>>> print(open('data_36.txt').read())   # compact mmCIF, N, CA and C atoms
# COMPACT_ATOMS: atom_id res chain seq x y z
N MET T 1 -17.34 16.10 -7.57
CA MET T 1 -16.25 16.87 -7.02
C MET T 1 -15.49 17.52 -8.17
N SER T 2 -15.06 18.74 -7.97
CA SER T 2 -14.36 19.46 -9.03
C SER T 2 -12.95 18.89 -9.22
N ASP T 3 -12.37 19.21 -10.40
CA ASP T 3 -11.03 18.73 -10.70
C ASP T 3 -10.00 19.30 -9.72
N GLU T 4 -10.21 20.55 -9.29
CA GLU T 4 -9.27 21.18 -8.36
C GLU T 4 -9.24 20.43 -7.03
N LYS T 5 -10.40 20.05 -6.51
CA LYS T 5 -10.45 19.31 -5.25
C LYS T 5 -9.86 17.92 -5.41
N GLU T 6 -10.14 17.27 -6.56
CA GLU T 6 -9.58 15.94 -6.79
C GLU T 6 -8.07 15.99 -6.85
N SER T 7 -7.52 16.98 -7.55
CA SER T 7 -6.07 17.05 -7.65
C SER T 7 -5.44 17.37 -6.30
N ARG T 8 -6.14 18.15 -5.47
CA ARG T 8 -5.62 18.46 -4.14
C ARG T 8 -5.58 17.20 -3.28
N GLU T 9 -6.53 16.29 -3.49
CA GLU T 9 -6.55 15.07 -2.72
C GLU T 9 -5.51 14.07 -3.20
N GLU T 10 -5.23 14.06 -4.50
CA GLU T 10 -4.35 13.05 -5.06
C GLU T 10 -2.89 13.40 -4.92
N GLN T 11 -2.54 14.67 -4.89
CA GLN T 11 -1.14 15.07 -4.87
C GLN T 11 -0.74 15.53 -3.47
N LEU T 12 0.14 14.75 -2.87
CA LEU T 12 0.63 15.10 -1.55
C LEU T 12 2.02 15.70 -1.68
N SER T 13 2.30 16.67 -0.83
CA SER T 13 3.67 17.20 -0.78
C SER T 13 4.55 16.15 -0.10
N MET T 14 5.85 16.35 -0.16
CA MET T 14 6.78 15.41 0.47
C MET T 14 6.53 15.36 1.98
N SER T 15 6.30 16.50 2.62
CA SER T 15 6.06 16.50 4.07
C SER T 15 4.74 15.82 4.41
N GLU T 16 3.73 15.96 3.56
CA GLU T 16 2.46 15.26 3.80
C GLU T 16 2.63 13.76 3.63
N SER T 17 3.43 13.35 2.67
CA SER T 17 3.69 11.93 2.47
C SER T 17 4.43 11.34 3.68
N ILE T 18 5.41 12.08 4.17
CA ILE T 18 6.15 11.62 5.35
C ILE T 18 5.23 11.56 6.56
N ALA T 19 4.41 12.59 6.76
CA ALA T 19 3.48 12.62 7.89
C ALA T 19 2.50 11.46 7.82
N SER T 20 1.98 11.20 6.64
CA SER T 20 1.04 10.10 6.48
C SER T 20 1.70 8.76 6.77
N THR T 21 2.93 8.59 6.31
CA THR T 21 3.67 7.35 6.56
C THR T 21 3.95 7.16 8.04
N LEU T 22 4.36 8.22 8.72
CA LEU T 22 4.65 8.12 10.15
C LEU T 22 3.38 7.88 10.98
N LEU T 23 2.27 8.51 10.59
CA LEU T 23 1.00 8.23 11.26
C LEU T 23 0.61 6.77 11.10
N LEU T 24 0.77 6.27 9.88
CA LEU T 24 0.45 4.86 9.61
C LEU T 24 1.34 3.95 10.44
N ALA T 25 2.64 4.25 10.50
CA ALA T 25 3.57 3.41 11.26
C ALA T 25 3.23 3.42 12.75
N LEU T 26 2.97 4.59 13.32
CA LEU T 26 2.62 4.67 14.74
C LEU T 26 1.30 3.95 15.00
N GLY T 27 0.35 4.11 14.10
CA GLY T 27 -0.93 3.42 14.24
C GLY T 27 -0.78 1.91 14.18
N LEU T 28 0.04 1.42 13.26
CA LEU T 28 0.28 -0.02 13.15
C LEU T 28 1.01 -0.56 14.38
N LEU T 29 2.00 0.17 14.86
CA LEU T 29 2.74 -0.24 16.05
C LEU T 29 1.82 -0.31 17.26
N THR T 30 0.99 0.70 17.42
CA THR T 30 0.07 0.75 18.55
C THR T 30 -0.97 -0.37 18.46
N THR T 31 -1.51 -0.58 17.27
CA THR T 31 -2.49 -1.65 17.07
C THR T 31 -1.85 -3.02 17.29
N ALA T 32 -0.61 -3.20 16.83
CA ALA T 32 0.07 -4.48 17.02
C ALA T 32 0.28 -4.78 18.49
N ARG T 33 0.65 -3.76 19.27
CA ARG T 33 0.82 -3.96 20.72
C ARG T 33 -0.50 -4.41 21.34
N GLY T 34 -1.57 -3.74 20.97
CA GLY T 34 -2.87 -4.12 21.50
C GLY T 34 -3.30 -5.50 21.05
N ALA T 35 -3.08 -5.83 19.78
CA ALA T 35 -3.46 -7.14 19.26
C ALA T 35 -2.67 -8.25 19.96
N PHE T 36 -1.39 -8.00 20.23
CA PHE T 36 -0.58 -8.99 20.94
C PHE T 36 -1.19 -9.29 22.31
N TRP T 37 -1.57 -8.23 23.03
CA TRP T 37 -2.15 -8.44 24.35
C TRP T 37 -3.54 -9.05 24.28
N MET T 38 -4.28 -8.80 23.21
CA MET T 38 -5.61 -9.40 23.07
C MET T 38 -5.51 -10.92 22.91
N PHE T 39 -4.52 -11.36 22.15
CA PHE T 39 -4.41 -12.79 21.86
C PHE T 39 -3.49 -13.53 22.81
N ASN T 40 -2.69 -12.83 23.58
CA ASN T 40 -1.79 -13.45 24.56
C ASN T 40 -2.07 -12.93 25.96
N TYR T 41 -3.32 -12.72 26.26
CA TYR T 41 -3.69 -12.10 27.53
C TYR T 41 -3.37 -12.95 28.75
N ASP T 42 -3.24 -14.25 28.59
CA ASP T 42 -2.97 -15.10 29.75
C ASP T 42 -1.48 -15.41 29.94
N ASN T 43 -0.64 -14.86 29.09
CA ASN T 43 0.79 -15.13 29.16
C ASN T 43 1.50 -13.99 29.91
N THR T 44 1.20 -13.85 31.17
CA THR T 44 1.78 -12.77 31.97
C THR T 44 3.15 -13.12 32.52
N SER T 45 3.61 -14.34 32.27
CA SER T 45 4.93 -14.74 32.77
C SER T 45 6.06 -14.23 31.89
N ASP T 46 5.74 -13.59 30.75
CA ASP T 46 6.76 -13.06 29.85
C ASP T 46 7.60 -11.97 30.52
N SER T 47 6.96 -11.15 31.32
CA SER T 47 7.71 -10.08 31.98
C SER T 47 6.98 -9.62 33.23
N ASN T 48 7.74 -8.97 34.10
CA ASN T 48 7.14 -8.40 35.31
C ASN T 48 6.16 -7.29 34.96
N LEU T 49 6.42 -6.59 33.85
CA LEU T 49 5.52 -5.52 33.42
C LEU T 49 4.14 -6.09 33.11
N TYR T 50 4.09 -7.19 32.35
CA TYR T 50 2.80 -7.81 32.02
C TYR T 50 2.09 -8.29 33.28
N ALA T 51 2.85 -8.84 34.21
CA ALA T 51 2.27 -9.34 35.45
C ALA T 51 1.69 -8.19 36.28
N SER T 52 2.41 -7.05 36.32
CA SER T 52 1.90 -5.92 37.10
C SER T 52 0.66 -5.31 36.45
N LEU T 53 0.61 -5.28 35.13
CA LEU T 53 -0.59 -4.79 34.45
C LEU T 53 -1.76 -5.74 34.67
N ALA T 54 -1.50 -7.04 34.59
CA ALA T 54 -2.55 -8.04 34.76
C ALA T 54 -3.09 -8.05 36.19
N ALA T 55 -2.29 -7.57 37.15
CA ALA T 55 -2.76 -7.51 38.54
C ALA T 55 -3.86 -6.46 38.68
N VAL T 56 -3.83 -5.42 37.84
CA VAL T 56 -4.84 -4.36 37.90
C VAL T 56 -6.07 -4.77 37.10
N MET T 57 -5.86 -5.20 35.87
CA MET T 57 -6.93 -5.73 35.03
C MET T 57 -6.30 -6.58 33.93
N PRO T 58 -7.06 -7.48 33.31
CA PRO T 58 -6.47 -8.40 32.34
C PRO T 58 -5.83 -7.66 31.16
N LEU T 59 -4.82 -8.30 30.57
CA LEU T 59 -4.11 -7.67 29.45
C LEU T 59 -5.05 -7.37 28.28
N TRP T 60 -6.07 -8.21 28.05
CA TRP T 60 -6.99 -7.94 26.94
C TRP T 60 -7.73 -6.62 27.17
N ALA T 61 -7.97 -6.25 28.43
CA ALA T 61 -8.64 -4.97 28.72
C ALA T 61 -7.71 -3.80 28.42
N TRP T 62 -6.42 -3.95 28.74
CA TRP T 62 -5.45 -2.91 28.40
C TRP T 62 -5.35 -2.77 26.88
N ALA T 63 -5.52 -3.87 26.19
CA ALA T 63 -5.35 -3.88 24.74
C ALA T 63 -6.40 -3.04 24.02
N ILE T 64 -7.57 -2.90 24.59
CA ILE T 64 -8.66 -2.18 23.92
C ILE T 64 -8.26 -0.75 23.60
N GLY T 65 -7.67 -0.03 24.55
CA GLY T 65 -7.24 1.35 24.30
C GLY T 65 -6.19 1.43 23.20
N PHE T 66 -5.26 0.48 23.20
CA PHE T 66 -4.23 0.47 22.17
C PHE T 66 -4.81 0.19 20.79
N VAL T 67 -5.69 -0.80 20.69
CA VAL T 67 -6.25 -1.16 19.39
C VAL T 67 -7.11 -0.02 18.83
N ILE T 68 -7.99 0.52 19.63
CA ILE T 68 -8.86 1.60 19.15
C ILE T 68 -8.02 2.84 18.80
N GLY T 69 -7.10 3.22 19.68
CA GLY T 69 -6.24 4.37 19.40
C GLY T 69 -5.42 4.17 18.14
N GLY T 70 -4.83 2.98 17.98
CA GLY T 70 -4.03 2.68 16.81
C GLY T 70 -4.84 2.69 15.52
N LEU T 71 -6.03 2.11 15.57
CA LEU T 71 -6.88 2.11 14.37
C LEU T 71 -7.29 3.52 13.98
N LEU T 72 -7.56 4.37 14.95
CA LEU T 72 -7.91 5.76 14.65
C LEU T 72 -6.71 6.52 14.07
N LEU T 73 -5.51 6.22 14.54
CA LEU T 73 -4.32 6.85 13.94
C LEU T 73 -4.13 6.38 12.50
N ILE T 74 -4.40 5.11 12.24
CA ILE T 74 -4.32 4.60 10.87
C ILE T 74 -5.34 5.31 10.00
N LEU T 75 -6.56 5.47 10.51
CA LEU T 75 -7.59 6.20 9.76
C LEU T 75 -7.18 7.64 9.51
N SER T 76 -6.57 8.28 10.49
CA SER T 76 -6.14 9.67 10.28
C SER T 76 -5.09 9.75 9.19
N SER T 77 -4.25 8.73 9.09
CA SER T 77 -3.27 8.67 8.01
C SER T 77 -3.97 8.62 6.66
N TRP T 78 -5.05 7.87 6.60
CA TRP T 78 -5.80 7.75 5.35
C TRP T 78 -6.57 9.04 5.04
N TYR T 79 -7.04 9.73 6.07
CA TYR T 79 -7.78 10.98 5.88
C TYR T 79 -6.88 12.19 5.64
N LEU T 80 -5.59 12.06 5.86
CA LEU T 80 -4.68 13.20 5.75
C LEU T 80 -4.82 13.97 4.43
N PRO T 81 -4.89 13.34 3.28
CA PRO T 81 -5.04 14.12 2.04
C PRO T 81 -6.35 14.90 1.96
N ARG T 82 -7.33 14.52 2.74
CA ARG T 82 -8.65 15.15 2.69
C ARG T 82 -8.87 16.12 3.84
N ARG T 83 -7.81 16.50 4.56
CA ARG T 83 -7.96 17.28 5.79
C ARG T 83 -8.55 18.66 5.58
N ASN T 84 -8.40 19.26 4.41
CA ASN T 84 -8.94 20.59 4.16
C ASN T 84 -10.44 20.56 3.88
N ILE T 85 -10.95 19.41 3.54
CA ILE T 85 -12.35 19.31 3.14
C ILE T 85 -13.21 18.75 4.27
N LYS T 86 -12.70 17.79 5.00
CA LYS T 86 -13.49 17.12 6.03
C LYS T 86 -12.80 17.22 7.38
N LYS T 87 -13.60 17.18 8.44
CA LYS T 87 -12.99 17.24 9.76
C LYS T 87 -12.73 15.85 10.33
N ARG T 88 -12.94 14.81 9.54
CA ARG T 88 -12.66 13.45 10.00
C ARG T 88 -11.19 13.28 10.38
N PHE T 89 -10.31 13.91 9.62
CA PHE T 89 -8.88 13.82 9.92
C PHE T 89 -8.62 14.36 11.33
N ALA T 90 -9.15 15.52 11.63
CA ALA T 90 -8.91 16.14 12.94
C ALA T 90 -9.52 15.31 14.06
N VAL T 91 -10.70 14.77 13.85
CA VAL T 91 -11.36 13.97 14.88
C VAL T 91 -10.59 12.68 15.15
N THR T 92 -10.20 11.97 14.09
CA THR T 92 -9.47 10.72 14.29
C THR T 92 -8.09 10.98 14.88
N LEU T 93 -7.46 12.07 14.49
CA LEU T 93 -6.15 12.41 15.05
C LEU T 93 -6.28 12.76 16.53
N PHE T 94 -7.29 13.52 16.89
CA PHE T 94 -7.51 13.94 18.27
C PHE T 94 -7.83 12.74 19.18
N ILE T 95 -8.81 11.95 18.79
CA ILE T 95 -9.22 10.82 19.64
C ILE T 95 -8.16 9.71 19.62
N GLY T 96 -7.65 9.37 18.44
CA GLY T 96 -6.63 8.33 18.35
C GLY T 96 -5.36 8.70 19.08
N GLY T 97 -4.93 9.96 18.93
CA GLY T 97 -3.74 10.41 19.65
C GLY T 97 -3.96 10.43 21.15
N GLY T 98 -5.13 10.87 21.58
CA GLY T 98 -5.43 10.92 23.02
C GLY T 98 -5.49 9.54 23.65
N LEU T 99 -6.18 8.61 22.99
CA LEU T 99 -6.26 7.24 23.52
C LEU T 99 -4.89 6.57 23.55
N SER T 100 -4.15 6.73 22.48
CA SER T 100 -2.81 6.13 22.42
C SER T 100 -1.90 6.73 23.48
N SER T 101 -1.96 8.03 23.63
CA SER T 101 -1.12 8.70 24.62
C SER T 101 -1.43 8.20 26.03
N ALA T 102 -2.70 8.14 26.37
CA ALA T 102 -3.10 7.67 27.70
C ALA T 102 -2.68 6.21 27.91
N SER T 103 -2.87 5.39 26.91
CA SER T 103 -2.52 3.97 27.02
C SER T 103 -1.02 3.80 27.22
N TYR T 104 -0.24 4.46 26.38
CA TYR T 104 1.23 4.36 26.51
C TYR T 104 1.70 4.90 27.86
N PHE T 105 1.09 6.00 28.32
CA PHE T 105 1.53 6.61 29.58
C PHE T 105 1.28 5.68 30.76
N ILE T 106 0.10 5.09 30.81
CA ILE T 106 -0.24 4.19 31.93
C ILE T 106 0.70 2.99 31.95
N VAL T 107 0.96 2.42 30.78
CA VAL T 107 1.86 1.27 30.72
C VAL T 107 3.29 1.69 31.06
N ALA T 108 3.69 2.88 30.65
CA ALA T 108 5.03 3.37 30.98
C ALA T 108 5.20 3.53 32.48
N ILE T 109 4.20 4.05 33.15
CA ILE T 109 4.26 4.21 34.60
C ILE T 109 4.42 2.85 35.27
N ALA T 110 3.66 1.87 34.79
CA ALA T 110 3.78 0.52 35.34
C ALA T 110 5.15 -0.08 35.03
N GLY T 111 5.75 0.35 33.92
CA GLY T 111 7.02 -0.21 33.49
C GLY T 111 8.23 0.31 34.23
N PHE T 112 8.12 1.44 34.90
CA PHE T 112 9.29 2.00 35.58
C PHE T 112 9.86 1.05 36.63
N GLY T 113 9.01 0.41 37.37
CA GLY T 113 9.50 -0.50 38.40
C GLY T 113 9.57 -1.95 37.95
N ASN T 114 9.00 -2.26 36.80
CA ASN T 114 8.88 -3.66 36.42
C ASN T 114 9.50 -4.01 35.08
N ALA T 115 10.13 -3.07 34.42
CA ALA T 115 10.73 -3.36 33.12
C ALA T 115 12.09 -4.02 33.31
N VAL T 116 12.53 -4.72 32.27
CA VAL T 116 13.82 -5.39 32.30
C VAL T 116 14.95 -4.36 32.38
N ASN T 117 14.80 -3.25 31.65
CA ASN T 117 15.79 -2.17 31.68
C ASN T 117 15.08 -0.83 31.50
N TRP T 118 15.82 0.25 31.46
CA TRP T 118 15.23 1.59 31.37
C TRP T 118 14.70 1.92 29.98
N LEU T 119 15.10 1.15 28.97
CA LEU T 119 14.70 1.46 27.60
C LEU T 119 13.21 1.30 27.36
N THR T 120 12.60 0.28 27.93
CA THR T 120 11.17 0.03 27.71
C THR T 120 10.31 1.20 28.19
N PRO T 121 10.42 1.63 29.44
CA PRO T 121 9.59 2.77 29.84
C PRO T 121 9.93 4.05 29.09
N MET T 122 11.20 4.22 28.70
CA MET T 122 11.59 5.41 27.94
C MET T 122 10.90 5.41 26.57
N GLN T 123 10.86 4.27 25.90
CA GLN T 123 10.17 4.18 24.61
C GLN T 123 8.68 4.48 24.78
N LEU T 124 8.09 3.94 25.82
CA LEU T 124 6.66 4.15 26.05
C LEU T 124 6.35 5.61 26.33
N ILE T 125 7.21 6.28 27.09
CA ILE T 125 7.02 7.71 27.35
C ILE T 125 7.14 8.51 26.06
N ILE T 126 8.11 8.16 25.21
CA ILE T 126 8.27 8.86 23.93
C ILE T 126 7.04 8.67 23.06
N PHE T 127 6.52 7.44 22.99
CA PHE T 127 5.30 7.20 22.21
C PHE T 127 4.11 7.96 22.81
N SER T 128 4.06 8.03 24.13
CA SER T 128 2.98 8.75 24.79
C SER T 128 3.02 10.24 24.45
N VAL T 129 4.20 10.84 24.54
CA VAL T 129 4.33 12.27 24.24
C VAL T 129 4.04 12.54 22.76
N ALA T 130 4.57 11.69 21.88
CA ALA T 130 4.31 11.88 20.44
C ALA T 130 2.82 11.78 20.14
N SER T 131 2.14 10.83 20.75
CA SER T 131 0.69 10.69 20.54
C SER T 131 -0.07 11.88 21.11
N LEU T 132 0.40 12.39 22.25
CA LEU T 132 -0.23 13.56 22.85
C LEU T 132 -0.09 14.78 21.95
N VAL T 133 1.06 14.94 21.33
CA VAL T 133 1.26 16.05 20.40
C VAL T 133 0.33 15.91 19.20
N LEU T 134 0.16 14.69 18.71
CA LEU T 134 -0.78 14.47 17.60
C LEU T 134 -2.21 14.83 18.03
N ALA T 135 -2.59 14.42 19.24
CA ALA T 135 -3.92 14.77 19.75
C ALA T 135 -4.07 16.28 19.86
N PHE T 136 -3.01 16.97 20.28
CA PHE T 136 -3.04 18.42 20.37
C PHE T 136 -3.27 19.04 18.99
N PHE T 137 -2.55 18.55 17.97
CA PHE T 137 -2.75 19.06 16.61
C PHE T 137 -4.18 18.84 16.14
N GLY T 138 -4.71 17.63 16.40
CA GLY T 138 -6.09 17.35 16.02
C GLY T 138 -7.07 18.25 16.75
N GLY T 139 -6.85 18.46 18.04
CA GLY T 139 -7.72 19.34 18.81
C GLY T 139 -7.64 20.78 18.34
N THR T 140 -6.44 21.23 18.00
CA THR T 140 -6.27 22.58 17.48
C THR T 140 -7.03 22.77 16.17
N MET T 141 -6.95 21.76 15.30
CA MET T 141 -7.69 21.84 14.03
C MET T 141 -9.19 21.88 14.27
N LEU T 142 -9.67 21.07 15.21
CA LEU T 142 -11.11 21.08 15.53
C LEU T 142 -11.53 22.43 16.09
N TRP T 143 -10.70 23.01 16.96
CA TRP T 143 -10.99 24.31 17.54
C TRP T 143 -11.07 25.39 16.45
N GLN T 144 -10.13 25.34 15.51
CA GLN T 144 -10.12 26.32 14.42
C GLN T 144 -11.36 26.16 13.54
N LYS T 145 -11.75 24.93 13.24
CA LYS T 145 -12.94 24.69 12.43
C LYS T 145 -14.19 25.16 13.15
N LYS T 146 -14.22 24.96 14.49
CA LYS T 146 -15.38 25.38 15.29
C LYS T 146 -15.53 26.90 15.25
N ASN T 147 -14.41 27.62 15.33
CA ASN T 147 -14.45 29.08 15.36
C ASN T 147 -14.68 29.69 13.98
N MET T 148 -14.59 28.88 12.92
CA MET T 148 -14.82 29.40 11.58
C MET T 148 -16.31 29.57 11.28
N TYR T 149 -17.14 28.80 11.99
CA TYR T 149 -18.58 28.83 11.69
C TYR T 149 -19.35 29.71 12.61
>>> encode(input="data_36.txt", output="structure tokens")
Amino acid sequence: MSDEKESREEQLSMSESIASTLLLALGLLTTARGAFWMFNYDNTSDSNLYASLAAVMPLWAWAIGFVIGGLLLILSSWYLPRRNIKKRFAVTLFIGGGLSSASYFIVAIAGFGNAVNWLTPMQLIIFSVASLVLAFFGGTMLWQKKNMY
């Protein structure tokens, strides 16, 4: 790899550093939620929300979308410095954002009637919309790369 490409990968602007940090944080938060449900899948007595989700399918099954989506967002954070060279960043952002958005949205809908207060579903909706915007950015990048060839 040439020195110019290496320096482009190593030096991030302040906004790229912030974006990478926020992607990592959202990915870790999403993965942690999924991991909690994977290992505590039988503890549905914690809240009415968990009980309502478990009535549809076990919490460990809900956790799969969160874990995969979160891990892909973490990967996109790692691929961010390489986004001009490889399309892995766009793919992981698109799929990770889409999975996370869908997972948060479904749980938010279940939370409206079963949450302790209004804050829980509101947070889930915000995470869903933020993840959807990330998926949109990833999809836009993929579309632009497709039309370049």
>>> closest_residue(input="data_36.txt", among="T:Leu28, T:Leu53, T:Leu12, T:Ile95", to="T:Gly111", atoms="only C-alpha atoms")
T:Leu53
>>> closest_residue(input="data_36.txt", among="T:Lys87, T:Thr92, T:Ala61, T:Asp46", to="T:Asn114", atoms="only C-alpha atoms")
T:Asp46
>>> select_by_dssp(input="data_36.txt", residues="stretch 2-148 of chain T", states="alpha helix (DSSP H)", output="PyMOL selection string")
chain T and resi 3-10+14-39+48-56+59-79+88-114+119-148
>>> closest_residue(input="data_36.txt", among="T:Val133, T:Val107, T:Ala35, T:Ala19", to="T:Ile64", atoms="only N, CA and C atoms")
T:Ala35
>>> residues_near_point(input="data_36.txt", point="(2.7, -1.2, 31.6)", cutoff="8 Å", atoms="only C-alpha atoms", output="list in words")
Leu49, Tyr50, Ser52, Leu53, Tyr104, Ile106, Val107, Ala108, Ile109, Ala110 and Gly111 of chain T
>>> closest_residue(input="data_36.txt", among="T:Ser100, T:Asn147, T:Thr140, T:Ser20", to="T:Pro81", atoms="all atoms listed in the file")
T:Ser20
>>> closest_residue(input="data_36.txt", among="T:Ile68, T:Met141, T:Ala130, T:Met57", to="T:Thr31", atoms="all atoms listed in the file")
T:Ile68
>>> atom_distance(input="data_36.txt", atom1="atom CA of T:Gly96", atom2="atom CA of T:Pro121")
20.6 Å
>>> atom_distance(input="data_36.txt", atom1="atom CA of T:Leu99", atom2="atom CA of T:Leu142")
16.7 Å
>>> decode(input="data_36.txt", residues="stretch 90-98 of chain T", atoms="all heavy atoms", output="PDB file, in the first residue's frame")
ATOM      1  N   ALA T  90     -19.524   0.425   4.327  1.00  0.00           N
ATOM      2  CA  ALA T  90     -20.904   0.677   3.902  1.00  0.00           C
ATOM      3  C   ALA T  90     -21.791  -0.539   4.146  1.00  0.00           C
ATOM      4  O   ALA T  90     -22.936  -0.395   4.599  1.00  0.00           O
ATOM      5  CB  ALA T  90     -20.935   1.079   2.431  1.00  0.00           C
ATOM      6  N   VAL T  91     -21.274  -1.728   3.887  1.00  0.00           N
ATOM      7  CA  VAL T  91     -22.064  -2.951   4.076  1.00  0.00           C
ATOM      8  C   VAL T  91     -22.372  -3.173   5.551  1.00  0.00           C
ATOM      9  O   VAL T  91     -23.520  -3.439   5.928  1.00  0.00           O
ATOM     10  CB  VAL T  91     -21.337  -4.171   3.466  1.00  0.00           C
ATOM     11  CG1 VAL T  91     -22.004  -5.474   3.872  1.00  0.00           C
ATOM     12  CG2 VAL T  91     -21.266  -4.053   1.959  1.00  0.00           C
ATOM     13  N   THR T  92     -21.349  -3.054   6.412  1.00  0.00           N
ATOM     14  CA  THR T  92     -21.579  -3.277   7.838  1.00  0.00           C
ATOM     15  C   THR T  92     -22.481  -2.187   8.426  1.00  0.00           C
ATOM     16  O   THR T  92     -23.306  -2.470   9.283  1.00  0.00           O
ATOM     17  CB  THR T  92     -20.264  -3.360   8.630  1.00  0.00           C
ATOM     18  OG1 THR T  92     -19.481  -2.182   8.388  1.00  0.00           O
ATOM     19  CG2 THR T  92     -19.466  -4.595   8.246  1.00  0.00           C
ATOM     20  N   LEU T  93     -22.336  -0.969   7.948  1.00  0.00           N
ATOM     21  CA  LEU T  93     -23.196   0.122   8.422  1.00  0.00           C
ATOM     22  C   LEU T  93     -24.645  -0.111   7.987  1.00  0.00           C
ATOM     23  O   LEU T  93     -25.579   0.069   8.769  1.00  0.00           O
ATOM     24  CB  LEU T  93     -22.683   1.458   7.898  1.00  0.00           C
ATOM     25  CG  LEU T  93     -23.291   2.720   8.493  1.00  0.00           C
ATOM     26  CD1 LEU T  93     -22.975   2.815   9.988  1.00  0.00           C
ATOM     27  CD2 LEU T  93     -22.768   3.950   7.770  1.00  0.00           C
ATOM     28  N   PHE T  94     -24.848  -0.526   6.754  1.00  0.00           N
ATOM     29  CA  PHE T  94     -26.181  -0.766   6.214  1.00  0.00           C
ATOM     30  C   PHE T  94     -26.878  -1.926   6.934  1.00  0.00           C
ATOM     31  O   PHE T  94     -27.994  -1.776   7.442  1.00  0.00           O
ATOM     32  CB  PHE T  94     -26.084  -1.042   4.708  1.00  0.00           C
ATOM     33  CG  PHE T  94     -27.397  -1.359   4.058  1.00  0.00           C
ATOM     34  CD1 PHE T  94     -28.388  -0.397   3.969  1.00  0.00           C
ATOM     35  CD2 PHE T  94     -27.633  -2.610   3.537  1.00  0.00           C
ATOM     36  CE1 PHE T  94     -29.604  -0.684   3.369  1.00  0.00           C
ATOM     37  CE2 PHE T  94     -28.844  -2.908   2.926  1.00  0.00           C
ATOM     38  CZ  PHE T  94     -29.828  -1.949   2.847  1.00  0.00           C
ATOM     39  N   ILE T  95     -26.215  -3.066   7.007  1.00  0.00           N
ATOM     40  CA  ILE T  95     -26.844  -4.242   7.620  1.00  0.00           C
ATOM     41  C   ILE T  95     -26.951  -4.080   9.137  1.00  0.00           C
ATOM     42  O   ILE T  95     -27.995  -4.369   9.727  1.00  0.00           O
ATOM     43  CB  ILE T  95     -26.081  -5.526   7.246  1.00  0.00           C
ATOM     44  CG1 ILE T  95     -26.139  -5.741   5.732  1.00  0.00           C
ATOM     45  CG2 ILE T  95     -26.656  -6.735   7.975  1.00  0.00           C
ATOM     46  CD1 ILE T  95     -25.264  -6.874   5.229  1.00  0.00           C
ATOM     47  N   GLY T  96     -25.881  -3.615   9.778  1.00  0.00           N
ATOM     48  CA  GLY T  96     -25.912  -3.422  11.229  1.00  0.00           C
ATOM     49  C   GLY T  96     -26.932  -2.391  11.645  1.00  0.00           C
ATOM     50  O   GLY T  96     -27.678  -2.584  12.613  1.00  0.00           O
ATOM     51  N   GLY T  97     -26.998  -1.276  10.907  1.00  0.00           N
ATOM     52  CA  GLY T  97     -27.993  -0.256  11.218  1.00  0.00           C
ATOM     53  C   GLY T  97     -29.405  -0.756  10.991  1.00  0.00           C
ATOM     54  O   GLY T  97     -30.306  -0.488  11.784  1.00  0.00           O
ATOM     55  N   GLY T  98     -29.615  -1.497   9.914  1.00  0.00           N
ATOM     56  CA  GLY T  98     -30.952  -2.027   9.622  1.00  0.00           C
ATOM     57  C   GLY T  98     -31.427  -3.037  10.655  1.00  0.00           C
ATOM     58  O   GLY T  98     -32.566  -2.963  11.133  1.00  0.00           O
TER      59      GLY T  98
END
